[in-house]
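J.: What follows is target17.cif, mmCIF, C-alpha atoms and all ligand atoms.
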data_target
loop_
_atom_site.label_atom_id
_atom_site.label_comp_id
_atom_site.auth_asym_id
_atom_site.auth_seq_id
_atom_site.Cartn_x
_atom_site.Cartn_y
_atom_site.Cartn_z
CA MET F 1 -15.90 -133.16 -100.75
CA LYS F 2 -16.92 -132.93 -104.35
CA ASP F 3 -17.17 -136.15 -106.33
CA ALA F 4 -15.06 -135.84 -109.50
CA ASP F 5 -17.65 -137.60 -111.68
CA ALA F 6 -20.56 -135.54 -110.41
CA ILE F 7 -22.36 -133.26 -112.84
CA VAL F 8 -24.17 -131.62 -109.93
CA SER F 9 -22.56 -131.28 -106.51
CA ILE F 10 -24.37 -129.70 -103.61
CA ILE F 11 -22.09 -129.12 -100.66
CA GLY F 12 -23.17 -127.90 -97.24
CA LEU F 13 -26.22 -126.07 -98.58
CA ASN F 14 -28.21 -124.03 -96.07
CA LYS F 15 -31.06 -121.71 -96.88
CA TRP F 16 -33.40 -119.60 -94.83
CA PHE F 17 -36.63 -117.84 -95.75
CA GLY F 18 -36.33 -115.01 -93.22
CA SER F 19 -35.86 -116.81 -89.91
CA PHE F 20 -37.21 -120.12 -91.26
CA HIS F 21 -34.40 -122.60 -91.89
CA VAL F 22 -35.76 -124.32 -94.99
CA LEU F 23 -32.70 -126.31 -96.18
CA ARG F 24 -30.32 -127.76 -93.63
CA ASP F 25 -26.84 -129.01 -94.46
CA ILE F 26 -27.75 -130.57 -97.77
CA ASP F 27 -25.00 -132.62 -99.43
CA LEU F 28 -25.86 -134.33 -102.69
CA ASP F 29 -23.75 -135.48 -105.64
CA VAL F 30 -25.47 -136.38 -108.87
CA ALA F 31 -23.43 -138.48 -111.28
CA ARG F 32 -23.65 -137.99 -115.03
CA GLY F 33 -26.61 -139.96 -116.34
CA GLU F 34 -27.95 -140.55 -112.87
CA ARG F 35 -31.68 -140.33 -112.18
CA ILE F 36 -32.72 -139.29 -108.74
CA VAL F 37 -36.25 -139.20 -107.41
CA ILE F 38 -36.79 -136.81 -104.51
CA CYS F 39 -39.76 -137.40 -102.27
CA GLY F 40 -40.95 -136.41 -98.82
CA PRO F 41 -43.82 -134.70 -97.04
CA SER F 42 -45.31 -131.40 -98.14
CA GLY F 43 -43.19 -128.48 -96.96
CA SER F 44 -40.02 -130.57 -96.54
CA GLY F 45 -38.08 -128.37 -98.99
CA LYS F 46 -38.08 -130.49 -102.17
CA SER F 47 -39.07 -127.66 -104.54
CA THR F 48 -36.77 -125.21 -102.81
CA LEU F 49 -33.84 -127.60 -103.20
CA ILE F 50 -34.26 -128.15 -106.92
CA ARG F 51 -35.01 -124.47 -107.50
CA CYS F 52 -31.63 -123.68 -105.92
CA ILE F 53 -29.89 -125.88 -108.52
CA ASN F 54 -31.36 -123.74 -111.29
CA ALA F 55 -30.63 -120.52 -109.40
CA LEU F 56 -34.32 -119.73 -109.04
CA GLU F 57 -33.69 -119.35 -105.30
CA GLU F 58 -30.78 -117.77 -103.54
CA PHE F 59 -29.15 -119.50 -100.60
CA GLN F 60 -27.04 -118.32 -97.70
CA GLU F 61 -24.45 -121.04 -97.11
CA GLY F 62 -22.76 -123.73 -99.14
CA ARG F 63 -21.91 -124.39 -102.76
CA ILE F 64 -23.65 -125.76 -105.80
CA VAL F 65 -21.48 -126.85 -108.72
CA VAL F 66 -23.13 -127.71 -112.03
CA ASP F 67 -20.76 -129.09 -114.64
CA GLU F 68 -17.86 -127.16 -113.10
CA ILE F 69 -19.80 -123.92 -112.93
CA GLU F 70 -19.85 -122.85 -109.32
CA LEU F 71 -22.88 -121.13 -107.92
CA GLY F 72 -22.08 -119.53 -104.59
CA PRO F 73 -24.48 -117.64 -102.34
CA ASN F 74 -24.03 -114.55 -104.56
CA LEU F 75 -25.42 -116.43 -107.61
CA ARG F 76 -22.89 -114.74 -109.87
CA ARG F 77 -23.00 -117.37 -112.59
CA VAL F 78 -26.76 -117.70 -112.91
CA ASP F 79 -26.89 -117.37 -116.68
CA GLU F 80 -24.21 -119.99 -117.25
CA VAL F 81 -25.89 -122.45 -114.91
CA ARG F 82 -29.33 -121.98 -116.44
CA ARG F 83 -27.92 -122.76 -119.85
CA GLU F 84 -26.98 -126.24 -118.60
CA VAL F 85 -30.12 -127.01 -116.64
CA GLY F 86 -33.66 -127.49 -117.96
CA MET F 87 -36.63 -127.28 -115.65
CA VAL F 88 -40.18 -128.55 -115.89
CA PHE F 89 -42.77 -127.25 -113.43
CA GLN F 90 -46.01 -128.65 -112.05
CA ASN F 91 -48.10 -126.07 -113.91
CA PHE F 92 -46.19 -126.20 -117.22
CA ASN F 93 -45.35 -122.44 -117.22
CA LEU F 94 -45.82 -122.10 -120.97
CA PHE F 95 -46.39 -118.64 -122.43
CA PRO F 96 -50.14 -118.59 -123.17
CA HIS F 97 -49.91 -115.94 -125.91
CA LEU F 98 -47.30 -117.87 -127.89
CA THR F 99 -47.85 -120.97 -130.02
CA VAL F 100 -46.22 -124.26 -129.11
CA LEU F 101 -43.55 -123.66 -131.73
CA GLU F 102 -42.92 -120.10 -130.49
CA ASN F 103 -42.68 -121.37 -126.91
CA CYS F 104 -40.02 -123.81 -128.06
CA THR F 105 -37.96 -121.37 -130.13
CA LEU F 106 -37.96 -118.34 -127.83
CA ALA F 107 -34.94 -119.29 -125.73
CA PRO F 108 -32.82 -120.74 -128.55
CA ILE F 109 -33.36 -117.54 -130.57
CA TRP F 110 -32.89 -115.03 -127.75
CA VAL F 111 -30.44 -116.81 -125.46
CA ARG F 112 -28.42 -118.89 -127.90
CA ASN F 113 -28.70 -116.58 -130.92
CA THR F 114 -29.91 -119.40 -133.12
CA SER F 115 -31.54 -118.34 -136.40
CA LYS F 116 -35.34 -118.62 -136.50
CA LYS F 117 -35.22 -121.25 -139.22
CA GLU F 118 -32.72 -123.39 -137.36
CA ALA F 119 -34.55 -122.98 -134.05
CA GLU F 120 -37.84 -124.06 -135.65
CA ALA F 121 -36.26 -127.13 -137.23
CA ALA F 122 -34.73 -128.11 -133.89
CA ALA F 123 -38.00 -127.45 -132.03
CA MET F 124 -39.90 -129.70 -134.46
CA LYS F 125 -37.41 -132.47 -133.77
CA PHE F 126 -38.11 -132.22 -130.04
CA LEU F 127 -41.87 -131.98 -130.57
CA GLU F 128 -41.59 -135.20 -132.56
CA ARG F 129 -39.70 -136.76 -129.68
CA VAL F 130 -42.53 -135.93 -127.26
CA LYS F 131 -45.00 -137.12 -129.94
CA ILE F 132 -46.91 -133.90 -130.65
CA PRO F 133 -45.41 -132.39 -133.83
CA ASP F 134 -48.95 -131.93 -135.18
CA GLN F 135 -49.73 -129.46 -132.36
CA ALA F 136 -46.94 -127.00 -133.23
CA ASN F 137 -49.22 -124.14 -134.25
CA LYS F 138 -51.67 -124.41 -131.37
CA TYR F 139 -51.72 -122.20 -128.30
CA PRO F 140 -51.26 -123.84 -124.88
CA GLY F 141 -54.87 -123.13 -123.93
CA GLN F 142 -56.03 -125.29 -126.84
CA MET F 143 -54.26 -128.38 -125.51
CA SER F 144 -54.74 -130.92 -122.75
CA GLY F 145 -52.60 -130.75 -119.61
CA GLY F 146 -50.63 -133.80 -120.68
CA GLN F 147 -49.89 -132.24 -124.07
CA GLN F 148 -48.88 -128.95 -122.45
CA GLN F 149 -46.51 -130.73 -120.13
CA ARG F 150 -44.93 -132.56 -123.07
CA VAL F 151 -44.45 -129.19 -124.77
CA ALA F 152 -42.79 -127.93 -121.59
CA ILE F 153 -40.41 -130.91 -121.72
CA ALA F 154 -39.67 -130.30 -125.42
CA ARG F 155 -39.09 -126.61 -124.70
CA ALA F 156 -36.54 -127.43 -122.01
CA LEU F 157 -34.79 -129.90 -124.34
CA THR F 158 -34.34 -127.31 -127.10
CA MET F 159 -31.57 -125.76 -125.00
CA ASN F 160 -29.65 -129.06 -124.94
CA PRO F 161 -29.47 -129.15 -121.15
CA LYS F 162 -27.03 -131.44 -119.39
CA VAL F 163 -29.41 -131.89 -116.46
CA MET F 164 -33.20 -131.85 -116.30
CA LEU F 165 -35.10 -130.90 -113.15
CA PHE F 166 -38.76 -131.84 -112.74
CA ASP F 167 -40.94 -130.50 -109.93
CA GLU F 168 -44.02 -132.72 -109.60
CA PRO F 169 -44.53 -132.78 -113.37
CA THR F 170 -47.63 -134.97 -113.25
CA SER F 171 -49.41 -133.80 -110.12
CA ALA F 172 -51.54 -131.16 -111.87
CA LEU F 173 -52.70 -133.64 -114.52
CA ASP F 174 -55.89 -135.62 -114.82
CA PRO F 175 -55.10 -139.28 -114.11
CA GLU F 176 -55.49 -140.38 -117.72
CA MET F 177 -52.74 -137.98 -118.80
CA VAL F 178 -50.16 -138.95 -116.22
CA LYS F 179 -48.93 -141.92 -118.21
CA GLU F 180 -48.17 -140.01 -121.42
CA VAL F 181 -45.96 -137.60 -119.49
CA LEU F 182 -44.25 -140.34 -117.48
CA ASP F 183 -43.63 -142.28 -120.72
CA THR F 184 -41.91 -139.22 -122.16
CA MET F 185 -39.75 -138.99 -119.05
CA VAL F 186 -38.90 -142.69 -119.22
CA ASP F 187 -37.77 -142.21 -122.85
CA LEU F 188 -35.57 -139.34 -121.73
CA ALA F 189 -34.10 -141.46 -118.95
CA GLU F 190 -33.37 -144.27 -121.38
CA GLU F 191 -31.51 -141.85 -123.62
CA GLY F 192 -29.16 -141.18 -120.70
CA MET F 193 -30.37 -137.77 -119.49
CA THR F 194 -29.32 -136.79 -115.97
CA MET F 195 -32.58 -136.17 -114.11
CA LEU F 196 -33.68 -134.95 -110.69
CA VAL F 197 -37.37 -135.55 -110.30
CA VAL F 198 -39.56 -134.49 -107.41
CA THR F 199 -42.48 -136.86 -107.61
CA HIS F 200 -44.67 -139.15 -105.62
CA GLU F 201 -45.10 -141.47 -108.61
CA MET F 202 -43.47 -144.42 -106.96
CA GLY F 203 -43.95 -146.67 -109.99
CA PHE F 204 -41.83 -144.24 -111.97
CA ALA F 205 -39.22 -144.21 -109.19
CA LYS F 206 -39.03 -148.00 -109.22
CA GLU F 207 -38.77 -148.12 -112.99
CA ILE F 208 -36.13 -145.52 -113.70
CA ALA F 209 -34.49 -144.07 -110.59
CA ASN F 210 -30.98 -145.01 -109.61
CA ARG F 211 -31.61 -143.47 -106.24
CA VAL F 212 -34.46 -142.22 -104.10
CA VAL F 213 -33.74 -139.27 -101.83
CA PHE F 214 -36.15 -138.73 -98.97
CA MET F 215 -36.41 -135.28 -97.42
CA ASP F 216 -38.03 -134.14 -94.22
CA GLU F 217 -37.90 -130.76 -92.50
CA GLY F 218 -35.24 -129.41 -94.83
CA GLN F 219 -32.88 -132.36 -94.54
CA ILE F 220 -32.03 -135.38 -96.63
CA ILE F 221 -32.69 -138.13 -94.17
CA GLU F 222 -32.40 -141.12 -96.46
CA SER F 223 -30.79 -141.82 -99.81
CA ASN F 224 -30.97 -145.31 -101.22
CA THR F 225 -31.69 -147.46 -104.27
CA PRO F 226 -35.43 -147.71 -105.00
CA ALA F 227 -35.34 -151.43 -104.20
CA SER F 228 -33.93 -150.83 -100.69
CA PHE F 229 -35.92 -147.68 -100.08
CA PHE F 230 -39.27 -149.30 -100.81
CA ALA F 231 -38.57 -152.71 -99.30
CA ASN F 232 -36.68 -151.56 -96.28
CA PRO F 233 -36.90 -147.84 -95.45
CA GLN F 234 -34.39 -147.06 -92.73
CA HIS F 235 -35.83 -144.03 -91.02
CA PRO F 236 -39.14 -143.99 -89.06
CA ARG F 237 -40.19 -140.90 -91.01
CA SER F 238 -39.62 -142.56 -94.40
CA GLN F 239 -41.48 -145.64 -93.11
CA LEU F 240 -44.42 -143.45 -92.12
CA PHE F 241 -44.34 -141.57 -95.43
CA LEU F 242 -44.33 -144.79 -97.47
CA SER F 243 -47.12 -146.30 -95.40
CA GLN F 244 -49.20 -143.20 -96.18
CA ILE F 245 -48.61 -143.01 -99.91
CA LEU F 246 -48.51 -146.72 -100.77
CA ARG F 247 -51.80 -147.60 -99.18
N1 LIG V 301 -40.90 -117.83 -100.98
C1 LIG V 301 -41.06 -118.35 -99.76
N2 LIG V 301 -41.07 -117.59 -98.66
C2 LIG V 301 -41.22 -118.12 -97.42
N3 LIG V 301 -41.37 -119.44 -97.19
C3 LIG V 301 -41.38 -120.26 -98.25
C4 LIG V 301 -41.23 -119.78 -99.60
N4 LIG V 301 -41.28 -120.83 -100.44
C5 LIG V 301 -41.45 -121.92 -99.66
N5 LIG V 301 -41.50 -121.58 -98.35
C6 LIG V 301 -41.65 -122.52 -97.22
O1 LIG V 301 -40.53 -123.40 -97.23
C7 LIG V 301 -40.94 -124.73 -96.91
C8 LIG V 301 -40.52 -125.66 -98.01
O2 LIG V 301 -41.27 -125.37 -99.17
P1 LIG V 301 -41.15 -126.22 -100.50
O3 LIG V 301 -42.07 -125.62 -101.47
O4 LIG V 301 -39.72 -126.36 -100.87
O5 LIG V 301 -41.68 -127.63 -99.98
P2 LIG V 301 -42.03 -128.93 -100.83
O6 LIG V 301 -41.31 -130.07 -100.15
O7 LIG V 301 -41.77 -128.71 -102.25
O8 LIG V 301 -43.60 -129.11 -100.54
P3 LIG V 301 -44.79 -129.61 -101.52
O9 LIG V 301 -44.71 -131.12 -101.48
O10 LIG V 301 -46.04 -129.13 -100.84
O11 LIG V 301 -44.57 -129.04 -102.87
C9 LIG V 301 -42.44 -124.65 -96.65
O12 LIG V 301 -42.65 -124.56 -95.28
C10 LIG V 301 -42.87 -123.40 -97.36
O13 LIG V 301 -43.98 -122.83 -96.73
MG MG V 302 -42.99 -128.60 -103.94
#
Please re-express this file's structure in structure tokens.

T.:
Amino acid sequence: MKDADAIVSIIGLNKWFGSFHVLRDIDLDVARGERIVICGPSGSGKSTLIRCINALEEFQEGRIVVDEIELGPNLRRVDEVRREVGMVFQNFNLFPHLTVLENCTLAPIWVRNTSKKEAEAAAMKFLERVKIPDQANKYPGQMSGGQQQRVAIARALTMNPKVMLFDEPTSALDPEMVKEVLDTMVDLAEEGMTMLVVTHEMGFAKEIANRVVFMDEGQIIESNTPASFFANPQHPRSQLFLSQILR
């Protein structure tokens, strides 16, 4: 069943890579404004799951509904869904031959038909929000990893997404840059953005998540508030996982 208040509903999702059953019977409703942290061992299907929401992966069974746009196995409404969903990747995925400002205006100009002037004004607003307006004319290669990731967040925001997906946004960063990116994400959370975040930053999960979803072998095996998940994990596999990462 689909929850009426959900902005993202995943219903009976199954996906295979060839004969490998990577996602098994995933059901997940994300309420408007909800912030979900997804964690679990390497290879459990976390990236594949969030990539399905943005139609970066096809799937074989089930339904994904994003703000009433239904994405079936045939992915017919890819463009509509991608307009609603912003994504931030581990390795930033900025265009290296474009400046920060050009990275942030490309989609608004080409996908939303915004004028260049308007797109640049909007992009500057988002670059101010992630605290790097002074870097607008630099190329990604001239910036630190933390700055590049903040540009990637600003770039996603320029499309006014209703949902933001993050796939290990801080795990490629040097430790001293993790905080600046997490702070940007906390700001976004406090502004009410709906967020699904794959991360092992458990401090972040405790601070801003409404729910922690734990995956193993393609399944969601636990879904709970951070307080219950950390204090009292229910499943032996989540207990083992937590004992390994919280040492
Ligand atoms: N394009 C692909 N073709 C075949 N198998 C794939 C493909 N992408 C991922 N897989 C496999 O699917 C499984 C889930 O991968 P996924 O990247 O979703 O895991 P993950 O939970 O994000 O892991 P990590 O924590 O290492 O990022 C893994 O066993 C992986 O090898
Ligand atoms: Mg992954």

J.: Residues up to 9 Å from ligand LIG 301 (chain V), counting only C-alpha atoms and all ligand atoms: could you list those as a ChimeraX atom specification?

T.: /F:16-18,20-23,39-51,57,167-168,198-199,215-218

J.: Pick the closest to ligand MG 302 (chain V) from F:Ile220, F:Val197, F:Leu101, F:Val163: which is it, counting all atoms listed in the file?

T.: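 Closest residue, counting all atoms listed in the file: F:Val197.
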
J.: Which residue gives the smallest distance to Val30 in chain F among F:Thr225, F:Gln147, F:Thr194, F:Gln234, with only C-alpha atoms counted?

T.: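 Smallest distance to Val30 in chain F is found for F:Thr194.
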
J.: So the first atom is CA of Arg237 in chain F and the second is CA of Asn224 in chain F; what is the distance between them in Å, to one decimal place?

T.: 14.4 Å

J.: Neighbouring residues of Gly146 in chain F were defined as those with any atom within 12 Å, considering all atoms listed in the file; residues of the same chain fewer than 6 positions away were excluded. Please report them as a short mmCIF file (atom, residue, chain, number, x, y, z; two decimals) with C-alpha atoms, keeping the file's coordinate frame.

T.:
data_model
loop_
_atom_site.label_atom_id
_atom_site.label_comp_id
_atom_site.auth_asym_id
_atom_site.auth_seq_id
_atom_site.Cartn_x
_atom_site.Cartn_y
_atom_site.Cartn_z
CA GLN F 90 -46.01 -128.65 -112.05
CA ASN F 91 -48.10 -126.07 -113.91
CA PHE F 92 -46.19 -126.20 -117.22
CA VAL F 130 -42.53 -135.93 -127.26
CA LYS F 131 -45.00 -137.12 -129.94
CA ILE F 132 -46.91 -133.90 -130.65
CA PRO F 140 -51.26 -123.84 -124.88
CA ALA F 152 -42.79 -127.93 -121.59
CA ILE F 153 -40.41 -130.91 -121.72
CA PRO F 169 -44.53 -132.78 -113.37
CA THR F 170 -47.63 -134.97 -113.25
CA SER F 171 -49.41 -133.80 -110.12
CA ALA F 172 -51.54 -131.16 -111.87
CA LEU F 173 -52.70 -133.64 -114.52
CA ASP F 174 -55.89 -135.62 -114.82
CA PRO F 175 -55.10 -139.28 -114.11
CA GLU F 176 -55.49 -140.38 -117.72
CA MET F 177 -52.74 -137.98 -118.80
CA VAL F 178 -50.16 -138.95 -116.22
CA LYS F 179 -48.93 -141.92 -118.21
CA GLU F 180 -48.17 -140.01 -121.42
CA VAL F 181 -45.96 -137.60 -119.49
CA LEU F 182 -44.25 -140.34 -117.48
CA ASP F 183 -43.63 -142.28 -120.72
CA THR F 184 -41.91 -139.22 -122.16
#
